[in-house]
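J.: Handing you this structure, nothing more for now.
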Amino acid sequence: MTGQASTTILGIETSCDETAASVVVRDESGRGRIRSNVVRSQLDEHAAFGGVVPELAARAHVEWLDHIIAQAMDEAGLALDEVDAIAATAGPGLIGGVLVGLTTAKALAASLGKPLLAVNHLEGHALTARLTDGVAFPYLMLLVSGGHSQFVLVRGVGDYERWGGTIDDALGEAFDKVAKLLTLGHPGGPAVERIARSGDPQRFKFPRPLLREERLDFSFSGLKTAVRLQAEALAPLTDQDVADIAASFQAAVTDIVVTRSRQALERFKAELPAEPAQLVVAGGVAANQEISAALRAVVAETGARLVLPPIALCTDNGAMIAWAGAERLALGAHDKLEVAARPRWPLDTPDMKVNSDAA
């Protein structure tokens with residue numbers, strides 16, 4: 001496939017609680033175009049449980065994935081045999097859901113005689129900014145989602161260096177747990193942000209864990225515990241108590257993310273002085289307006305560039321998987337039908353390197 005003028009990829013994403021499919025075209029110059037991007041959220045299925053139930057998620061993927069793929073192809077105006085390859089998330093994620101999407105992709109690739117691309121979900125996030133903004137390598141990615149909080153140096157397709165991560169909860173998970181504690185509903189991020197607008201962010205001085213250390217790691221468990229202890233001390237909570245706790249929690253995590261991002265950009269400039277400093281933010285927490293506004297201020301201070309893809313492409317979607325597949329296919333990579341699904345799959349592992357002889 002190397003050297004092909006243009007490639008059209010069907011991407012399938014089923015790693016958590018979104019069933020998604022997308023058709024993306026990568027042209028000969030490396031620019032991308034989304035022809036369709038269909039996402040079905042499972043919020044209603046999981047709302048009563050206050051979080052994602054893996055078994056329910058997998059069943060919903062089985063029920064809906066064929067319909068979502070058909071809709072994506074219809075919106076793209078293409079038949080399945082007109083795509084050049086099939087890409088699907090192969091991990092990390094909830095293994096039942098990953099298996100649904102990857103098995104479907106294998107069946108399509110085998111029946112259509114098309115290459116299969118088993119995509120790392122995190123690589124999908126890492127490369128999205130190249131689809132939306134044409135960002136050139138290298139750049140720094142801050143991934144903040146329900147399952148991941150990490151800084152990654154993105155040197156190229158399949159070439160990643162992890163600079164820091166969370167030692168306990170991911171940031172999105174911390175938002176969800178605080179929302180559950182305050183009975184704000186699921187998903188927690190939007191609920192906490194919404195109620196925080198009417199709160200006093202200075203009322204409670206919650207901790208900022210690890211910030212006295214130079215490493216680029218995150219820790220949110222202690223902050224979450226401090227929120228719980230404060231809520232228990234004030235019980236029963238008034239509406240204003242809830243708003244003030246939410247606002248103070250959000251102020252704490254904003255300080256943490258901003259401080260770490262400033263440190264990460266300083267490291268980028270020190271280690272790659274000849275390269276323009278670029279910070280790409282991915283993951284659902286990128287939708288938080290207070291955090292994104294604070295990050296804009298940081299990059300303005302440091303003279304860096306901030307890239308925030310559209311929110312619909314920061315959360316889980318099929319377009320990022322299709323695009324990651326297209327980027328790998330352009331380098332001659334593809335995967336065997338025997339490739340396995342993985343519940344865990346760090347970006348900075350040797351098998352992420354592009355291997356054009358994978359098949």
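Chains: A, B, ... in order of the structure tokens. Residues: from 1 per chain. Ligands: from 1, in order shown.
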Residues within 9 Å of Asp316 in chain A, please, as a short mmCIF file (atom, residue, chain, number, x, y, z; two decimals) with N, CA, C and O atoms, in the first residue's frame. Count only C-alpha atoms; anything in the same chain fewer than 5 positions from it doesn't count.
T.:
data_model
loop_
_atom_site.label_atom_id
_atom_site.label_comp_id
_atom_site.auth_asym_id
_atom_site.auth_seq_id
_atom_site.Cartn_x
_atom_site.Cartn_y
_atom_site.Cartn_z
N GLU A 13 -14.30 1.62 16.67
CA GLU A 13 -13.88 1.88 18.05
C GLU A 13 -14.92 1.34 19.02
O GLU A 13 -16.10 1.72 18.97
N THR A 14 -14.50 0.41 19.90
CA THR A 14 -15.40 -0.20 20.88
C THR A 14 -14.69 -0.45 22.20
O THR A 14 -14.99 -1.42 22.90
N SER A 15 -13.77 0.42 22.58
CA SER A 15 -12.92 0.12 23.74
C SER A 15 -13.59 0.36 25.08
O SER A 15 -13.16 -0.18 26.09
N CYS A 16 -14.66 1.17 25.09
CA CYS A 16 -15.31 1.46 26.37
C CYS A 16 -16.82 1.53 26.18
O CYS A 16 -17.46 0.52 25.90
N ASP A 17 -17.40 2.72 26.30
CA ASP A 17 -18.87 2.81 26.25
C ASP A 17 -19.37 3.65 25.08
O ASP A 17 -20.47 4.19 25.13
N GLU A 18 -18.56 3.78 24.04
CA GLU A 18 -19.03 4.34 22.77
C GLU A 18 -18.85 3.31 21.68
O GLU A 18 -17.77 2.72 21.56
N THR A 19 -19.91 3.08 20.92
CA THR A 19 -19.82 2.22 19.73
C THR A 19 -19.66 3.16 18.54
O THR A 19 -20.55 3.99 18.29
N ALA A 20 -18.55 3.07 17.83
CA ALA A 20 -18.25 4.09 16.83
C ALA A 20 -17.64 3.49 15.57
O ALA A 20 -16.92 2.49 15.62
N VAL A 39 -21.07 7.94 16.16
CA VAL A 39 -20.79 7.51 17.53
C VAL A 39 -22.11 7.31 18.26
O VAL A 39 -22.97 8.20 18.27
N HIS A 121 -5.54 2.23 20.88
CA HIS A 121 -6.49 3.31 21.15
C HIS A 121 -5.77 4.62 21.50
O HIS A 121 -6.19 5.71 21.08
N GLY A 124 -4.55 6.41 18.55
CA GLY A 124 -5.63 7.16 17.92
C GLY A 124 -5.72 8.56 18.48
O GLY A 124 -5.81 9.55 17.73
N HIS A 125 -5.68 8.67 19.82
CA HIS A 125 -5.69 10.01 20.45
C HIS A 125 -4.44 10.79 20.07
O HIS A 125 -4.51 11.99 19.79
N GLY A 283 -8.44 13.59 24.81
CA GLY A 283 -9.21 12.96 25.88
C GLY A 283 -10.39 13.82 26.30
O GLY A 283 -10.41 15.04 26.08
N GLY A 284 -11.38 13.19 26.91
CA GLY A 284 -12.62 13.87 27.23
C GLY A 284 -12.47 15.05 28.16
O GLY A 284 -13.26 16.02 28.10
#
J.: Hey, which bits of range 70-157 of chain A sit within 8 Å of range 304-313 of chain A, and for each residue what's the closest pair of atoms and how far apart in Å (one decimal), counting only C-alpha atoms, rows by chain and increasing number, as JSON lines?
T.:
{"residue": "A:Thr128", "atom": "CA", "partner": "A:Leu313", "partner_atom": "CA", "distance": 7.3}
{"residue": "A:Ala129", "atom": "CA", "partner": "A:Pro309", "partner_atom": "CA", "distance": 6.1}
{"residue": "A:Thr132", "atom": "CA", "partner": "A:Pro309", "partner_atom": "CA", "distance": 6.3}
{"residue": "A:Asp133", "atom": "CA", "partner": "A:Pro309", "partner_atom": "CA", "distance": 7.5}
J.: Tell me, which residues of range 243-284 of chain A carry DSSP strand (DSSP E), written as a PDB file with N, CA, C and O atoms, in the first residue's frame?
T.:
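Saved to part_3.pdb:
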ATOM      1  N   GLN A 278       5.055  22.353  20.833  1.00  0.00           N
ATOM      2  CA  GLN A 278       3.635  22.176  20.545  1.00  0.00           C
ATOM      3  C   GLN A 278       3.029  21.246  21.590  1.00  0.00           C
ATOM      4  O   GLN A 278       3.569  20.163  21.860  1.00  0.00           O
ATOM      5  N   LEU A 279       1.917  21.675  22.182  1.00  0.00           N
ATOM      6  CA  LEU A 279       1.207  20.849  23.155  1.00  0.00           C
ATOM      7  C   LEU A 279      -0.151  20.486  22.580  1.00  0.00           C
ATOM      8  O   LEU A 279      -0.984  21.356  22.315  1.00  0.00           O
ATOM      9  N   VAL A 280      -0.365  19.194  22.376  1.00  0.00           N
ATOM     10  CA  VAL A 280      -1.638  18.674  21.887  1.00  0.00           C
ATOM     11  C   VAL A 280      -2.385  18.070  23.067  1.00  0.00           C
ATOM     12  O   VAL A 280      -1.825  17.274  23.822  1.00  0.00           O
ATOM     13  N   VAL A 281      -3.634  18.453  23.252  1.00  0.00           N
ATOM     14  CA  VAL A 281      -4.446  17.930  24.352  1.00  0.00           C
ATOM     15  C   VAL A 281      -5.508  17.007  23.780  1.00  0.00           C
ATOM     16  O   VAL A 281      -6.197  17.354  22.818  1.00  0.00           O
ATOM     17  N   ALA A 282      -5.626  15.820  24.363  1.00  0.00           N
ATOM     18  CA  ALA A 282      -6.588  14.825  23.888  1.00  0.00           C
ATOM     19  C   ALA A 282      -7.296  14.211  25.082  1.00  0.00           C
ATOM     20  O   ALA A 282      -6.827  14.283  26.213  1.00  0.00           O
TER      21      ALA A 282
END
J.: Write out as an MDAnalysis selection string which residues come within 10 Å of Pro343 in chain A when counting only C-alpha atoms, dropping same-chain ones fewer than 4 positions away.
T.: chainID A and resid 15 90:99
J.: Would you tabulate, counting only C-alpha atoms, all residues of range 38-66 of chain A that have an atom at most 12 Å from an atom of range 22-25 of chain A, showing the closest pair of atoms and their distance in Å to one decimal, sorted by chain then ascending number, as a Markdown table?
T.:
| residue | atom | partner | partner_atom | distance |
| --- | --- | --- | --- | --- |
| A:Val38 | CA | A:Ser22 | CA | 6.1 |
| A:Val39 | CA | A:Ser22 | CA | 8.5 |
| A:Arg40 | CA | A:Ser22 | CA | 11.7 |
| A:Leu65 | CA | A:Ser22 | CA | 11.6 |
J.: Could the residues in this selection be saved with N, CA, C and O atoms as a PDB file, in the first residue's frame?
T.:
ATOM      1  N   VAL A  38     -19.649   8.252  13.026  1.00  0.00           N
ATOM      2  CA  VAL A  38     -20.876   7.911  13.753  1.00  0.00           C
ATOM      3  C   VAL A  38     -20.500   7.358  15.126  1.00  0.00           C
ATOM      4  O   VAL A  38     -19.692   6.434  15.230  1.00  0.00           O
ATOM      5  N   VAL A  39     -21.072   7.936  16.164  1.00  0.00           N
ATOM      6  CA  VAL A  39     -20.791   7.509  17.534  1.00  0.00           C
ATOM      7  C   VAL A  39     -22.112   7.308  18.264  1.00  0.00           C
ATOM      8  O   VAL A  39     -22.966   8.196  18.268  1.00  0.00           O
ATOM      9  N   ARG A  40     -22.273   6.135  18.856  1.00  0.00           N
ATOM     10  CA  ARG A  40     -23.432   5.887  19.710  1.00  0.00           C
ATOM     11  C   ARG A  40     -22.958   5.748  21.148  1.00  0.00           C
ATOM     12  O   ARG A  40     -22.247   4.826  21.501  1.00  0.00           O
ATOM     13  N   LEU A  65     -23.051  -2.492  16.754  1.00  0.00           N
ATOM     14  CA  LEU A  65     -21.907  -2.209  15.888  1.00  0.00           C
ATOM     15  C   LEU A  65     -22.216  -2.368  14.401  1.00  0.00           C
ATOM     16  O   LEU A  65     -21.847  -1.506  13.585  1.00  0.00           O
TER      17      LEU A  65
END
J.: Determine the nearest neighbour of Ile34 in chain A from the options A:Phe137, A:Trp323, A:Trp163, A:Phe206, counting only C-alpha atoms.
T.: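 Result for the nearest residue to Ile34 in chain A: A:Trp323.
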J.: Which neighbours of Ser36 in chain A fall inside 12 Å, counting only C-alpha atoms, when residues of the same chain fewer than 2 positions from it are skipped, and could you give them as a PyMOL selection string?
T.: chain A and resi 8-12+20-25+33-34+38-39+68-78+317-320+322
J.: Using only C-alpha atoms, which of the listed residues (A:Ala264, A:Ala48, A:Ala196, A:Leu337) sits closest to Thr302 in chain A?
T.: A:Ala264
J.: Quick one: distance from CA of Arg203 in chain A to CA of Ala247 in chain A in Å, one decimal?
T.: 8.7 Å
J.: Residues at most 9 Å from Asp200 in chain A, counting only C-alpha atoms, excluding those fewer than 6 positions away in the same chain, as a PyMOL selection string?
T.: chain A and resi 240+243-248
J.: List as JSON, numbers by chain the protein and nucleic acid residues near Leu122 in chain A, meaning an atom at most 9 Å away when only C-alpha atoms are counted, but skip any in the same chain fewer than 6 places from it.
T.: {"A": [91, 92, 143, 148, 345, 346, 347]}
J.: One number please: CA of Ala57 in chain A to CA of Glu193 in chain A, in Å, one decimal.
T.: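 Going from CA of Ala57 in chain A over to CA of Glu193 in chain A, I get 25.5 Å.
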J.: Between CA of Arg194 in chain A and CA of Glu290 in chain A, measure the distance and give it in Å to one decimal.
T.: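 Going from CA of Arg194 in chain A over to CA of Glu290 in chain A covers 10.9 Å.
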J.: For Asp239 in chain A, work out the shell of residues within 12 Å, counting only C-alpha atoms and skipping chain neighbours fewer than 6 positions away, then give it as an NGL selection string.
T.: :A and (182-184 or 195-196 or 198-199 or 231 or 245-246)
J.: Just N, CA, C and O atoms for this one: save the residues we selected as a PDB file, in the first residue's frame.
T.:
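Everything below was put into part_8.pdb:
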ATOM      1  N   LEU A 182     -20.829  13.513  45.281  1.00  0.00           N
ATOM      2  CA  LEU A 182     -21.716  14.670  45.440  1.00  0.00           C
ATOM      3  C   LEU A 182     -23.090  14.436  44.821  1.00  0.00           C
ATOM      4  O   LEU A 182     -23.888  15.370  44.733  1.00  0.00           O
ATOM      5  N   THR A 183     -23.346  13.190  44.380  1.00  0.00           N
ATOM      6  CA  THR A 183     -24.616  12.788  43.745  1.00  0.00           C
ATOM      7  C   THR A 183     -24.978  13.701  42.580  1.00  0.00           C
ATOM      8  O   THR A 183     -26.114  14.162  42.457  1.00  0.00           O
ATOM      9  N   LEU A 184     -23.998  13.946  41.713  1.00  0.00           N
ATOM     10  CA  LEU A 184     -24.210  14.822  40.559  1.00  0.00           C
ATOM     11  C   LEU A 184     -24.525  14.059  39.283  1.00  0.00           C
ATOM     12  O   LEU A 184     -24.849  14.669  38.268  1.00  0.00           O
ATOM     13  N   ILE A 195     -21.848  22.459  37.898  1.00  0.00           N
ATOM     14  CA  ILE A 195     -22.193  22.946  39.231  1.00  0.00           C
ATOM     15  C   ILE A 195     -21.104  23.853  39.791  1.00  0.00           C
ATOM     16  O   ILE A 195     -21.371  24.759  40.592  1.00  0.00           O
ATOM     17  N   ALA A 196     -19.847  23.654  39.334  1.00  0.00           N
ATOM     18  CA  ALA A 196     -18.729  24.468  39.822  1.00  0.00           C
ATOM     19  C   ALA A 196     -18.872  25.935  39.411  1.00  0.00           C
ATOM     20  O   ALA A 196     -18.318  26.821  40.086  1.00  0.00           O
ATOM     21  N   SER A 198     -21.245  27.875  39.816  1.00  0.00           N
ATOM     22  CA  SER A 198     -21.923  28.655  40.858  1.00  0.00           C
ATOM     23  C   SER A 198     -21.245  28.506  42.215  1.00  0.00           C
ATOM     24  O   SER A 198     -21.795  28.897  43.243  1.00  0.00           O
ATOM     25  N   GLY A 199     -20.023  27.947  42.223  1.00  0.00           N
ATOM     26  CA  GLY A 199     -19.315  27.723  43.473  1.00  0.00           C
ATOM     27  C   GLY A 199     -18.145  28.654  43.682  1.00  0.00           C
ATOM     28  O   GLY A 199     -17.715  29.366  42.772  1.00  0.00           O
ATOM     29  N   ALA A 231     -16.593  16.600  52.442  1.00  0.00           N
ATOM     30  CA  ALA A 231     -18.028  16.400  52.269  1.00  0.00           C
ATOM     31  C   ALA A 231     -18.632  15.725  53.498  1.00  0.00           C
ATOM     32  O   ALA A 231     -19.738  16.085  53.943  1.00  0.00           O
ATOM     33  N   ILE A 245     -17.532  22.804  46.851  1.00  0.00           N
ATOM     34  CA  ILE A 245     -16.626  21.656  46.804  1.00  0.00           C
ATOM     35  C   ILE A 245     -16.231  21.357  45.365  1.00  0.00           C
ATOM     36  O   ILE A 245     -15.060  21.127  45.051  1.00  0.00           O
ATOM     37  N   ALA A 246     -17.205  21.360  44.470  1.00  0.00           N
ATOM     38  CA  ALA A 246     -16.920  21.096  43.055  1.00  0.00           C
ATOM     39  C   ALA A 246     -15.968  22.141  42.486  1.00  0.00           C
ATOM     40  O   ALA A 246     -15.019  21.804  41.765  1.00  0.00           O
TER      41      ALA A 246
END
J.: Which is closer to Lys114 in chain A than all the others in A:Glu327, A:Asp169, A:Asp335, A:Glu28, using only C-alpha atoms?
T.: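 The answer is A:Asp335, which sits nearest to Lys114 in chain A.
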J.: Measuring atom to atom with only C-alpha atoms, identify which of A:Ala340, A:Ala274, A:Ala330, A:Thr166 is nearest to Ser29 in chain A.
T.: A:Ala330
J.: Between A:Ser6, A:Trp64, A:Gln250, A:Leu140, single out the one closest to Arg155 in chain A, counting only C-alpha atoms.
T.: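 Using only C-alpha atoms, Arg155 in chain A sits closest to A:Leu140.
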J.: Closest to Phe249 in chain A among A:Arg197, A:Lys353, A:Arg296, A:His334, using only C-alpha atoms?
T.: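 Comparing A:Arg197, A:Lys353, A:Arg296, A:His334 against Phe249 in chain A, the winner is A:Arg197.
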J.: Could you give me the residues within range 92-228 of chain A that DSSP places in helix (DSSP H, G or I), as a count of residues only?
T.: 59
